[in-house]
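S.K.: You'll find structure00.txt just under this line, and it carries compact mmCIF, C-alpha atoms and all ligand atoms.
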# COMPACT_ATOMS: atom_id res chain seq x y z
CA MET A 2 112.48 143.82 117.63
CA PRO A 3 115.31 141.85 116.09
CA THR A 4 114.89 138.18 116.70
CA GLN A 5 117.65 136.33 118.40
CA PRO A 6 118.82 133.21 116.68
CA MET A 7 117.88 130.18 118.66
CA PRO A 8 120.87 128.68 120.40
CA THR A 9 121.69 125.46 118.56
CA ARG A 10 122.60 122.39 120.48
CA HIS A 11 126.01 121.35 119.43
CA THR A 12 126.02 117.82 118.07
CA PRO A 13 129.50 116.39 118.10
CA GLU A 14 130.57 114.63 114.90
CA ILE A 15 130.86 111.09 116.16
CA GLU A 16 132.82 108.94 113.73
CA LEU A 17 130.60 105.89 113.38
CA PRO A 18 131.48 103.20 110.88
CA PRO A 19 129.25 103.82 107.83
CA ASP A 20 127.72 100.34 108.07
CA ALA A 21 126.98 100.44 111.78
CA ALA A 22 123.39 99.41 112.51
CA THR A 23 122.90 102.62 114.48
CA VAL A 24 124.17 104.86 111.74
CA ASP A 25 120.64 105.93 110.94
CA ASP A 26 120.04 107.17 114.46
CA HIS A 27 118.47 110.64 114.25
CA ARG A 28 121.25 112.04 116.49
CA ASN A 29 123.82 110.97 113.99
CA PRO A 30 124.78 113.90 111.74
CA ARG A 31 125.77 111.42 109.03
CA ARG A 32 122.14 110.44 108.55
CA HIS A 33 121.11 113.94 107.57
CA ARG A 34 124.10 114.29 105.27
CA ARG A 35 123.27 110.93 103.64
CA GLU A 36 119.59 111.79 103.20
CA ALA A 37 120.43 115.13 101.65
CA GLU A 38 123.05 113.68 99.30
CA GLU A 39 121.45 110.45 98.17
CA PRO A 40 118.35 110.40 95.99
CA ALA A 41 115.56 108.02 97.08
CA PRO A 42 116.48 104.60 95.70
CA GLU A 43 114.48 102.88 92.94
CA LEU A 44 112.74 100.13 94.89
CA GLY A 45 111.39 98.15 92.00
CA LEU A 46 111.34 97.59 88.29
CA LEU A 47 108.24 98.24 86.22
CA VAL A 48 107.81 95.45 83.67
CA GLN A 49 105.30 95.88 80.84
CA PRO A 50 104.02 92.50 79.64
CA GLU A 51 104.23 91.84 75.91
CA ALA A 52 102.21 89.65 73.53
CA ARG A 53 104.85 86.89 73.79
CA HIS A 54 104.06 86.61 77.51
CA CYS A 55 100.52 85.46 76.80
CA LEU A 56 99.44 82.64 79.14
CA ASP A 57 98.57 80.43 76.15
CA LYS A 58 102.28 80.15 75.38
CA LEU A 59 103.00 78.36 78.66
CA ILE A 60 103.08 74.58 78.78
CA LEU A 61 101.59 73.77 82.16
CA HIS A 62 100.13 70.82 84.04
CA PRO A 63 96.30 70.86 83.73
CA GLU A 64 95.77 71.54 87.46
CA VAL A 65 98.09 74.57 87.30
CA LYS A 66 96.14 75.93 84.34
CA THR A 67 92.89 75.40 86.27
CA ASP A 68 94.29 77.14 89.37
CA ILE A 69 95.46 80.12 87.30
CA GLN A 70 92.13 80.33 85.50
CA SER A 71 90.15 80.31 88.75
CA ALA A 72 92.39 83.00 90.28
CA LEU A 73 91.87 85.11 87.15
CA ARG A 74 88.15 84.48 87.23
CA ALA A 75 87.95 85.65 90.84
CA LEU A 76 89.77 88.85 89.86
CA GLU A 77 87.84 89.52 86.68
CA LYS A 78 84.42 88.75 88.18
CA ARG A 79 85.14 90.67 91.36
CA ALA A 80 82.32 93.14 90.92
CA ASP A 81 79.72 90.42 90.19
CA LEU A 82 80.95 88.30 93.09
CA GLU A 83 80.65 91.28 95.38
CA ARG A 84 77.17 92.16 94.08
CA ILE A 85 75.77 88.65 94.41
CA TRP A 86 77.62 87.35 97.45
CA ASP A 87 78.42 90.55 99.40
CA LEU A 88 81.96 89.22 99.75
CA SER A 89 83.34 92.26 101.57
CA SER A 90 81.06 91.49 104.53
CA ILE A 91 82.86 88.18 105.08
CA GLN A 92 86.34 89.08 103.82
CA PRO A 93 87.06 92.81 104.29
CA MET A 94 90.15 92.91 102.03
CA GLN A 95 88.43 91.17 99.18
CA GLY A 96 90.00 93.56 96.69
CA ARG A 97 93.45 92.31 97.59
CA CYS A 98 94.54 88.98 96.19
CA ILE A 99 97.84 87.27 96.96
CA LEU A 100 98.91 84.43 94.67
CA ASN A 101 101.83 82.20 95.58
CA PHE A 102 103.67 80.36 92.79
CA TYR A 103 106.01 77.75 94.16
CA GLY A 104 108.09 74.94 92.74
CA PRO A 105 111.52 74.11 91.30
CA PRO A 106 113.48 76.68 89.28
CA GLY A 107 112.73 77.00 85.58
CA THR A 108 109.14 75.73 85.75
CA GLY A 109 107.60 78.98 84.48
CA LYS A 110 106.67 80.85 87.69
CA THR A 111 108.07 84.21 86.59
CA ARG A 112 106.63 83.70 83.11
CA ALA A 113 103.21 82.92 84.56
CA ALA A 114 103.29 86.17 86.57
CA LEU A 115 103.97 88.03 83.31
CA GLY A 116 101.16 86.05 81.68
CA ILE A 117 98.72 87.13 84.37
CA ALA A 118 99.85 90.75 84.01
CA HIS A 119 99.32 90.45 80.24
CA ARG A 120 95.83 89.02 80.71
CA LEU A 121 94.84 91.69 83.28
CA GLY A 122 96.38 94.46 81.15
CA LYS A 123 98.54 95.71 84.02
CA PRO A 124 102.27 96.16 84.44
CA LEU A 125 104.25 94.20 87.04
CA TYR A 126 106.08 96.15 89.73
CA GLN A 127 108.95 93.81 90.56
CA VAL A 128 110.31 94.61 94.01
CA ASP A 129 114.09 94.92 94.11
CA TYR A 130 115.18 93.42 97.43
CA SER A 131 118.72 94.75 97.19
CA ALA A 132 117.24 98.28 97.18
CA VAL A 133 114.49 97.61 99.75
CA ILE A 134 116.68 95.89 102.32
CA SER A 135 118.88 98.46 103.97
CA LYS A 136 121.55 98.30 106.61
CA TYR A 137 120.35 101.63 107.94
CA LEU A 138 118.03 101.32 110.89
CA GLY A 139 114.44 102.14 109.92
CA ASP A 140 115.08 102.38 106.18
CA THR A 141 113.87 98.88 105.28
CA ALA A 142 110.40 99.56 106.72
CA LYS A 143 110.34 102.94 104.97
CA HIS A 144 111.31 101.30 101.67
CA ILE A 145 108.65 98.58 102.03
CA LYS A 146 105.98 101.30 102.42
CA ALA A 147 107.36 103.25 99.46
CA ALA A 148 107.41 100.13 97.23
CA PHE A 149 103.74 99.44 97.95
CA GLN A 150 102.93 103.10 97.31
CA SER A 151 104.71 103.01 93.94
CA ALA A 152 102.81 99.87 92.88
CA ARG A 153 99.56 101.55 93.95
CA GLU A 154 100.29 104.76 92.04
CA LEU A 155 101.32 102.81 88.92
CA GLY A 156 98.22 100.61 89.06
CA ALA A 157 100.58 97.64 88.89
CA ILE A 158 100.58 94.08 90.13
CA LEU A 159 103.01 93.92 93.03
CA PHE A 160 105.54 91.21 92.26
CA PHE A 161 107.86 89.57 94.80
CA ASP A 162 109.89 87.23 92.61
CA GLU A 163 112.02 84.63 94.42
CA ALA A 164 110.62 86.14 97.55
CA ASP A 165 112.42 84.08 100.20
CA SER A 166 114.89 86.83 101.05
CA LEU A 167 112.09 89.17 102.12
CA LEU A 168 109.20 86.91 103.07
CA SER A 169 110.73 84.00 104.96
CA ARG A 170 110.57 83.77 108.74
CA ARG A 171 114.35 84.05 108.83
CA ALA A 172 114.30 86.94 106.38
CA ALA A 173 117.58 88.75 105.95
CA THR A 174 116.38 92.27 106.57
CA GLY A 175 119.83 93.78 106.65
CA GLU A 176 119.41 95.04 110.18
CA SER A 177 120.83 93.05 113.02
CA CYS A 178 118.53 94.01 115.87
CA SER A 179 115.46 91.80 116.36
CA THR A 180 113.19 94.80 117.07
CA SER A 181 113.80 96.20 113.62
CA ILE A 182 113.34 92.75 112.03
CA ASN A 183 109.92 92.57 113.71
CA GLN A 184 109.16 96.11 112.69
CA ASN A 185 109.94 95.27 109.04
CA ARG A 186 107.82 92.15 109.21
CA ASN A 187 104.90 94.06 110.74
CA THR A 188 105.23 96.85 108.18
CA LEU A 189 105.14 94.29 105.38
CA MET A 190 102.02 92.59 106.75
CA GLN A 191 100.28 95.95 107.34
CA GLU A 192 101.10 97.08 103.83
CA LEU A 193 99.80 93.80 102.42
CA ASP A 194 96.57 94.36 104.33
CA ARG A 195 96.22 97.91 103.02
CA PHE A 196 97.01 96.97 99.42
CA ASP A 197 93.88 96.77 97.31
CA GLY A 198 95.29 94.92 94.32
CA VAL A 199 97.00 91.81 93.04
CA VAL A 200 100.20 90.57 94.66
CA ILE A 201 102.18 87.67 93.21
CA VAL A 202 104.94 85.97 95.18
CA THR A 203 107.17 83.23 93.77
CA THR A 204 109.57 80.93 95.52
CA ASN A 205 111.48 77.68 95.25
CA LEU A 206 111.35 77.23 99.04
CA PHE A 207 107.85 77.93 100.19
CA GLU A 208 108.27 76.06 103.52
CA ASN A 209 110.34 79.01 104.77
CA TYR A 210 107.54 81.57 104.39
CA ASP A 211 106.50 83.53 107.41
CA PRO A 212 103.22 82.02 108.78
CA ALA A 213 101.74 85.52 108.93
CA LEU A 214 102.15 85.74 105.17
CA LEU A 215 100.77 82.23 104.61
CA ARG A 216 97.51 83.24 106.29
CA ARG A 217 97.06 86.05 103.78
CA ILE A 218 97.61 84.02 100.60
CA GLN A 219 94.44 83.21 98.59
CA SER A 220 95.89 80.68 96.22
CA HIS A 221 98.97 78.46 96.28
CA ILE A 222 99.87 77.21 92.82
CA HIS A 223 102.39 74.40 92.56
CA PHE A 224 104.59 74.50 89.43
CA ARG A 225 106.05 71.03 88.90
CA LEU A 226 108.62 69.76 86.42
CA PRO A 227 107.10 68.91 83.03
CA ASN A 228 106.15 65.32 82.12
CA ALA A 229 107.26 63.66 78.86
CA SER A 230 104.43 65.01 76.69
CA MET A 231 104.98 68.52 78.09
CA ARG A 232 108.73 68.25 77.39
CA ARG A 233 107.85 67.33 73.83
CA GLU A 234 105.75 70.49 73.53
CA LEU A 235 108.52 72.53 75.14
CA PHE A 236 110.98 71.38 72.45
CA ALA A 237 108.50 72.31 69.75
CA LEU A 238 107.91 75.71 71.39
CA HIS A 239 111.58 76.55 71.75
CA LEU A 240 112.61 75.38 68.25
CA PRO A 241 110.16 77.47 66.26
CA ASN A 242 111.51 77.03 62.73
CA ALA A 243 110.45 73.38 62.25
CA GLU A 244 111.77 73.25 58.67
CA ARG A 245 115.32 73.56 59.92
CA VAL A 246 115.00 71.04 62.72
CA THR A 247 115.58 67.36 62.05
CA ALA A 248 114.84 65.72 65.37
CA ASP A 249 112.56 63.19 67.00
CA PHE A 250 110.83 65.13 69.78
CA ALA A 251 109.46 61.96 71.38
CA VAL A 252 113.02 60.65 71.83
CA LEU A 253 114.22 64.04 73.10
CA ALA A 254 111.33 64.13 75.58
CA GLU A 255 112.49 60.77 76.99
CA LEU A 256 116.13 61.80 77.15
CA SER A 257 115.33 65.06 78.92
CA ARG A 258 113.55 63.49 81.91
CA GLY A 259 114.06 65.68 85.00
CA LEU A 260 114.73 68.87 83.02
CA SER A 261 112.62 72.00 83.45
CA GLY A 262 111.11 74.29 80.81
CA GLY A 263 113.94 76.73 81.59
CA ASP A 264 116.55 73.98 80.96
CA ILE A 265 114.88 73.09 77.66
CA LEU A 266 114.87 76.75 76.61
CA THR A 267 118.60 77.04 77.39
CA LEU A 268 119.56 73.83 75.61
CA CYS A 269 117.49 74.72 72.54
CA LEU A 270 119.19 78.13 72.35
CA ASN A 271 122.60 76.46 72.63
CA ALA A 272 121.59 73.92 69.97
CA ILE A 273 120.51 76.76 67.65
CA HIS A 274 123.91 78.44 68.11
CA ALA A 275 125.76 75.14 67.62
CA GLY A 276 123.79 74.50 64.43
CA SER A 277 124.39 77.98 63.01
CA THR A 278 128.16 77.97 62.48
CA ASP A 279 128.31 77.34 58.71
CA PRO A 280 129.35 80.52 56.84
CA ASP A 281 126.23 80.09 54.72
CA PRO A 282 123.08 80.68 56.84
CA ALA A 283 121.14 78.59 54.29
CA GLN A 284 122.92 75.55 55.76
CA TRP A 285 121.99 76.22 59.39
CA ARG A 286 120.21 73.21 60.91
CA VAL A 287 119.45 71.85 64.37
CA THR A 288 119.90 68.09 64.36
CA GLN A 289 119.04 65.27 66.72
CA GLU A 290 122.75 64.81 67.44
CA ILE A 291 123.23 68.48 68.43
CA LEU A 292 120.17 68.39 70.69
CA GLU A 293 121.20 65.12 72.37
CA LYS A 294 124.65 66.60 73.06
CA GLN A 295 123.05 69.68 74.64
CA ILE A 296 120.70 67.55 76.77
CA ALA A 297 123.69 65.55 78.04
CA LYS A 298 125.52 68.80 78.87
CA VAL A 299 122.63 70.27 80.88
CA LYS A 300 122.10 66.98 82.72
CA LYS A 301 125.82 66.75 83.57
CA ALA A 302 125.87 70.35 84.87
CA LYS A 303 122.76 69.70 86.97
CA ALA A 304 124.16 66.44 88.37
CA GLU A 305 127.42 68.18 89.29
CA HIS A 306 125.53 71.03 90.89
CA SER A 307 123.36 68.73 93.03
CA GLY A 308 126.45 66.65 93.93
CA GLU A 309 128.22 69.80 95.05
CA LYS A 310 125.15 70.87 97.05
CA GLY A 311 125.07 67.46 98.77
CA ARG A 312 128.77 67.68 99.64
CA ARG A 313 128.31 71.20 101.03
CA LYS A 314 125.37 70.05 103.20
CA ARG A 315 127.42 67.12 104.53
CA ARG A 316 130.34 69.47 105.30
CA ILE A 317 128.03 71.87 107.20
CA GLY A 318 126.43 68.95 109.06
CA PHE A 319 129.85 67.64 110.01
CA CYS A 320 130.99 71.01 111.35
CA SER A 321 127.95 71.74 113.48
N1 LIG B 401 106.04 75.81 81.63
C1 LIG B 401 106.70 76.51 80.70
N2 LIG B 401 106.16 76.74 79.49
C2 LIG B 401 106.82 77.44 78.55
N3 LIG B 401 108.05 77.96 78.75
C3 LIG B 401 108.63 77.76 79.94
C4 LIG B 401 107.99 77.03 80.97
N4 LIG B 401 108.80 76.99 82.05
C5 LIG B 401 109.89 77.69 81.70
N5 LIG B 401 109.81 78.15 80.45
C6 LIG B 401 110.82 78.94 79.74
O1 LIG B 401 111.92 79.11 80.62
C7 LIG B 401 112.11 80.49 80.95
C8 LIG B 401 112.47 80.61 82.41
O2 LIG B 401 111.35 80.24 83.20
P1 LIG B 401 110.93 81.05 84.50
O3 LIG B 401 109.54 81.52 84.33
O4 LIG B 401 111.96 82.10 84.76
O5 LIG B 401 111.03 79.93 85.60
P2 LIG B 401 110.94 80.09 87.18
O6 LIG B 401 110.47 81.49 87.46
O7 LIG B 401 109.98 79.03 87.60
O8 LIG B 401 112.34 79.83 87.69
C9 LIG B 401 110.81 81.17 80.58
O9 LIG B 401 111.00 82.51 80.21
C10 LIG B 401 110.30 80.33 79.42
O10 LIG B 401 110.89 80.75 78.22
MG MG B 402 111.60 82.95 88.46
Is it possible to give me this structure as structure tokens?
M.R.:
Amino acid sequence: MPTQPMPTRHTPEIELPPDAATVDDHRNPRRHRREAEEPAPELGLLVQPEARHCLDKLILHPEVKTDIQSALRALEKRADLERIWDLSSIQPMQGRCILNFYGPPGTGKTRAALGIAHRLGKPLYQVDYSAVISKYLGDTAKHIKAAFQSARELGAILFFDEADSLLSRRAATGESCSTSINQNRNTLMQELDRFDGVVIVTTNLFENYDPALLRRIQSHIHFRLPNASMRRELFALHLPNAERVTADFAVLAELSRGLSGGDILTLCLNAIHAGSTDPDPAQWRVTQEILEKQIAKVKKAKAEHSGEKGRRKRRIGFCS
């Protein structure tokens, strides 16, 4: 007997604005068109650590080194710790380890994550928030799950760099309705609980983290600005060809008070370029004068930036 085609319910083509929060509603024909047309987005970047990322190349405060070493020890000795102490009976997710690196910009948090990946012989799966956070209702939660799944399949460390935009209690999840914000938050916490691996989160503003995330973090490691002797080492590290450098690192270390490792890297690179303008490369030199000029430049830019930030805060305070 010939089969009758099922009568299809006519769905009118409602013209919704493409960025409407409800655009992902299953009744919306645009959703199906979008899903069919668009490939699944790349939700993260896989970063393979290299020899230059080795932890030994980081100039860190002794307590930060100790904290990193004990986190690594806990990961590397996991099997022995489990065998001797039966850890899973007291902490069911003992395979999962969340490390939080916090502190001012340029203090080596991202580099330390790469260093840990290098030491553990695993790649880093760096979550791309612009791809994970979607304006389409339901997609953010779906993307969070998919990002965890990718990290799992790749055997990677899950890396939330500068994580405030996804992990703070006022996280911008892209969706306006509070139910979906809660749903995204719950999905993230559930995925963290299911993840049986290493997660590293970094932030400059750790006080904004969601308390539910805080409870799950094993180790908080505070990256502070370098002291004078560390700044001295940072100059030596970032000006590798000592024969072509005529500078007093002790003086530079004093002059660069308040600068981060990232600032010192930038100013050393600029000094190298400034000292490499002679047509004859044999004459290229980095001098004390060039370096002092670059230190003054970075300090001026930082002072102007913090002055501008202060003015902006005062303007906002005045308006509200
Ligand atoms: N403590 C440090 N030791 C060695 N190099 C550093 C250190 N801090 C910063 N740097 C240099 O500055 C660059 C930027 O640092 P980064 O790890 O991105 O800082 P953060 O993530 O804390 O903002 C690094 O790639 C490294 O070259
Ligand atoms: Mg960083």
S.K.: Find the spatial neighbours of Pro241 in chain A, counting only C-alpha atoms, within a cut-off of 12 Å - ignore same-chain residues fewer than 5 positions away - and output them as a list in words.
M.R.: Glu234, Leu235, Phe236, Val246, Leu266, Cys269, Leu270, Ile273 and Val287 of chain A
S.K.: Would you list the contacts of range 117-123 of chain A as a PyMOL selection string, taking every protein, DNA or RNA residue within 9 Å and counting only C-alpha atoms, but skipping same-chain residues closer than 2 positions in sequence?
M.R.: chain A and resi 49-52+54-56+69+73+76-77+112-115+125+156-158
S.K.: Using only C-alpha atoms, please write the residues we just selected to a file, as a CSV table (one decimal), in the coordinates of the input.
M.R.:
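Saved to out03.csv:
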chain,number,residue,atom,x,y,z
A,49,GLN,CA,105.3,95.9,80.8
A,50,PRO,CA,104.0,92.5,79.6
A,51,GLU,CA,104.2,91.8,75.9
A,52,ALA,CA,102.2,89.6,73.5
A,54,HIS,CA,104.1,86.6,77.5
A,55,CYS,CA,100.5,85.5,76.8
A,56,LEU,CA,99.4,82.6,79.1
A,69,ILE,CA,95.5,80.1,87.3
A,73,LEU,CA,91.9,85.1,87.2
A,76,LEU,CA,89.8,88.8,89.9
A,77,GLU,CA,87.8,89.5,86.7
A,112,ARG,CA,106.6,83.7,83.1
A,113,ALA,CA,103.2,82.9,84.6
A,114,ALA,CA,103.3,86.2,86.6
A,115,LEU,CA,104.0,88.0,83.3
A,125,LEU,CA,104.2,94.2,87.0
A,156,GLY,CA,98.2,100.6,89.1
A,157,ALA,CA,100.6,97.6,88.9
A,158,ILE,CA,100.6,94.1,90.1
S.K.: Please write as a ChimeraX atom specification the list of polymer residues whose atoms come within 8 Å of (117.0, 64.1, 77.4), counting all atoms listed in the file and keeping to the coordinates of the file.
M.R.: /A:252-258,260,293,296-297,300
S.K.: Please compute the CA of Lys294 in chain A-CA of Leu240 in chain A distance, one decimal, in Å.
M.R.: 15.7 Å
S.K.: Hey, what's within 8 Å of Ile291 in chain A if we count all atoms listed in the file and toss same-chain stuff fewer than 3 positions away? As a PDB file with C-alpha atoms, in the coordinates of the input, please?
M.R.:
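Output (part-v3.pdb):
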ATOM      1  CA  ALA A 272     121.590  73.920  69.970  1.00  0.00           C
ATOM      2  CA  ALA A 275     125.760  75.140  67.620  1.00  0.00           C
ATOM      3  CA  GLY A 276     123.790  74.500  64.430  1.00  0.00           C
ATOM      4  CA  VAL A 287     119.450  71.850  64.370  1.00  0.00           C
ATOM      5  CA  THR A 288     119.900  68.090  64.360  1.00  0.00           C
ATOM      6  CA  LYS A 294     124.650  66.600  73.060  1.00  0.00           C
ATOM      7  CA  GLN A 295     123.050  69.680  74.640  1.00  0.00           C
TER       8      GLN A 295
END
S.K.: Under the rule of at most 9 Å, produce a per-residue listing of chain A near ligand MG 402 (chain B): chain, number, name, the closest pair of atoms, and the distance in Å, as a Markdown table, using only C-alpha atoms and all ligand atoms.
M.R.:
| residue | atom | partner | partner_atom | distance |
| --- | --- | --- | --- | --- |
| A:Pro106 | CA | B:MG402 | MG | 6.6 |
| A:Gly107 | CA | B:MG402 | MG | 6.7 |
| A:Thr108 | CA | B:MG402 | MG | 8.1 |
| A:Gly109 | CA | B:MG402 | MG | 6.9 |
| A:Lys110 | CA | B:MG402 | MG | 5.4 |
| A:Thr111 | CA | B:MG402 | MG | 4.2 |
| A:Arg112 | CA | B:MG402 | MG | 7.3 |
| A:Asp162 | CA | B:MG402 | MG | 6.2 |
| A:Glu163 | CA | B:MG402 | MG | 6.2 |
| A:Thr203 | CA | B:MG402 | MG | 6.9 |
| A:Thr204 | CA | B:MG402 | MG | 7.6 |
| A:Asn205 | CA | B:MG402 | MG | 8.6 |
S.K.: Could you give me the centre and size, in Å to one decimal, of an axis-aligned box around all listed atoms of ligand LIG 401 (chain B) with 8 Å added on every side, as lines of an AutoDock Vina configuration file?
M.R.:
center_x = 109.3
center_y = 79.2
center_z = 83.0
size_x = 22.4
size_y = 22.7
size_z = 25.5
S.K.: Looking at A:Asp57, A:Glu208, A:Glu64, A:Glu244, which one is nearest to ligand LIG 401 (chain B), with distances taken over all atoms listed in the file?
M.R.: A:Asp57
S.K.: Please, what distance in Å, to one decimal, runs between CA of Ser220 in chain A and CA of Gln70 in chain A?
M.R.: 11.4 Å
S.K.: Between A:Val202, A:Leu59, A:Ile99, A:Arg195, which one has atoms that come closest to ligand LIG 401 (chain B), using only C-alpha atoms and all ligand atoms?
M.R.: A:Leu59
S.K.: Can you tell me how far CA of Gly96 in chain A sits from CA of Pro212 in chain A, in Å to one decimal?
M.R.: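 Straight-line distance from CA of Gly96 in chain A to CA of Pro212 in chain A works out to 21.3 Å.
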S.K.: Start from the incomplete input, build N, CA and C atoms for range 281-302 of chain A, and deliver everything as a short mmCIF file (atom, residue, chain, number, x, y, z; two decimals), in the frame of the given file.
M.R.:
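Once everything was written out, this is result_24.cif:
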data_model
loop_
_atom_site.label_atom_id
_atom_site.label_comp_id
_atom_site.auth_asym_id
_atom_site.auth_seq_id
_atom_site.Cartn_x
_atom_site.Cartn_y
_atom_site.Cartn_z
N ASP A 281 127.45 79.84 55.50
CA ASP A 281 126.23 80.09 54.72
C ASP A 281 124.99 79.83 55.58
N PRO A 282 124.26 80.87 55.97
CA PRO A 282 123.08 80.68 56.84
C PRO A 282 122.06 79.71 56.24
N ALA A 283 122.10 79.52 54.92
CA ALA A 283 121.14 78.59 54.29
C ALA A 283 121.37 77.16 54.78
N GLN A 284 122.58 76.91 55.30
CA GLN A 284 122.92 75.55 55.76
C GLN A 284 122.62 75.33 57.25
N TRP A 285 122.18 76.36 57.94
CA TRP A 285 121.99 76.22 59.39
C TRP A 285 120.86 75.23 59.70
N ARG A 286 121.16 74.26 60.54
CA ARG A 286 120.21 73.21 60.91
C ARG A 286 120.40 72.83 62.38
N VAL A 287 119.33 72.46 63.04
CA VAL A 287 119.45 71.85 64.37
C VAL A 287 119.13 70.37 64.20
N THR A 288 120.08 69.53 64.56
CA THR A 288 119.90 68.09 64.36
C THR A 288 119.66 67.37 65.68
N GLN A 289 119.23 66.12 65.55
CA GLN A 289 119.04 65.27 66.72
C GLN A 289 120.35 65.17 67.52
N GLU A 290 121.45 64.99 66.78
CA GLU A 290 122.75 64.81 67.44
C GLU A 290 123.11 66.04 68.29
N ILE A 291 122.91 67.23 67.69
CA ILE A 291 123.23 68.48 68.43
C ILE A 291 122.37 68.55 69.69
N LEU A 292 121.08 68.27 69.54
CA LEU A 292 120.17 68.39 70.69
C LEU A 292 120.52 67.37 71.78
N GLU A 293 120.85 66.14 71.36
CA GLU A 293 121.20 65.12 72.37
C GLU A 293 122.45 65.54 73.13
N LYS A 294 123.42 66.13 72.41
CA LYS A 294 124.65 66.60 73.06
C LYS A 294 124.32 67.67 74.10
N GLN A 295 123.42 68.59 73.73
CA GLN A 295 123.05 69.68 74.64
C GLN A 295 122.28 69.15 75.86
N ILE A 296 121.43 68.14 75.64
CA ILE A 296 120.70 67.55 76.77
C ILE A 296 121.71 66.94 77.74
N ALA A 297 122.68 66.19 77.19
CA ALA A 297 123.69 65.55 78.04
C ALA A 297 124.47 66.60 78.84
N LYS A 298 124.77 67.72 78.19
CA LYS A 298 125.52 68.80 78.87
C LYS A 298 124.74 69.36 80.05
N VAL A 299 123.45 69.69 79.81
CA VAL A 299 122.63 70.27 80.88
C VAL A 299 122.49 69.26 82.02
N LYS A 300 122.27 67.99 81.67
CA LYS A 300 122.10 66.98 82.72
C LYS A 300 123.38 66.84 83.55
N LYS A 301 124.53 66.89 82.86
CA LYS A 301 125.82 66.75 83.57
C LYS A 301 125.99 67.94 84.54
N ALA A 302 125.71 69.15 84.03
CA ALA A 302 125.87 70.35 84.87
C ALA A 302 124.94 70.26 86.08
#
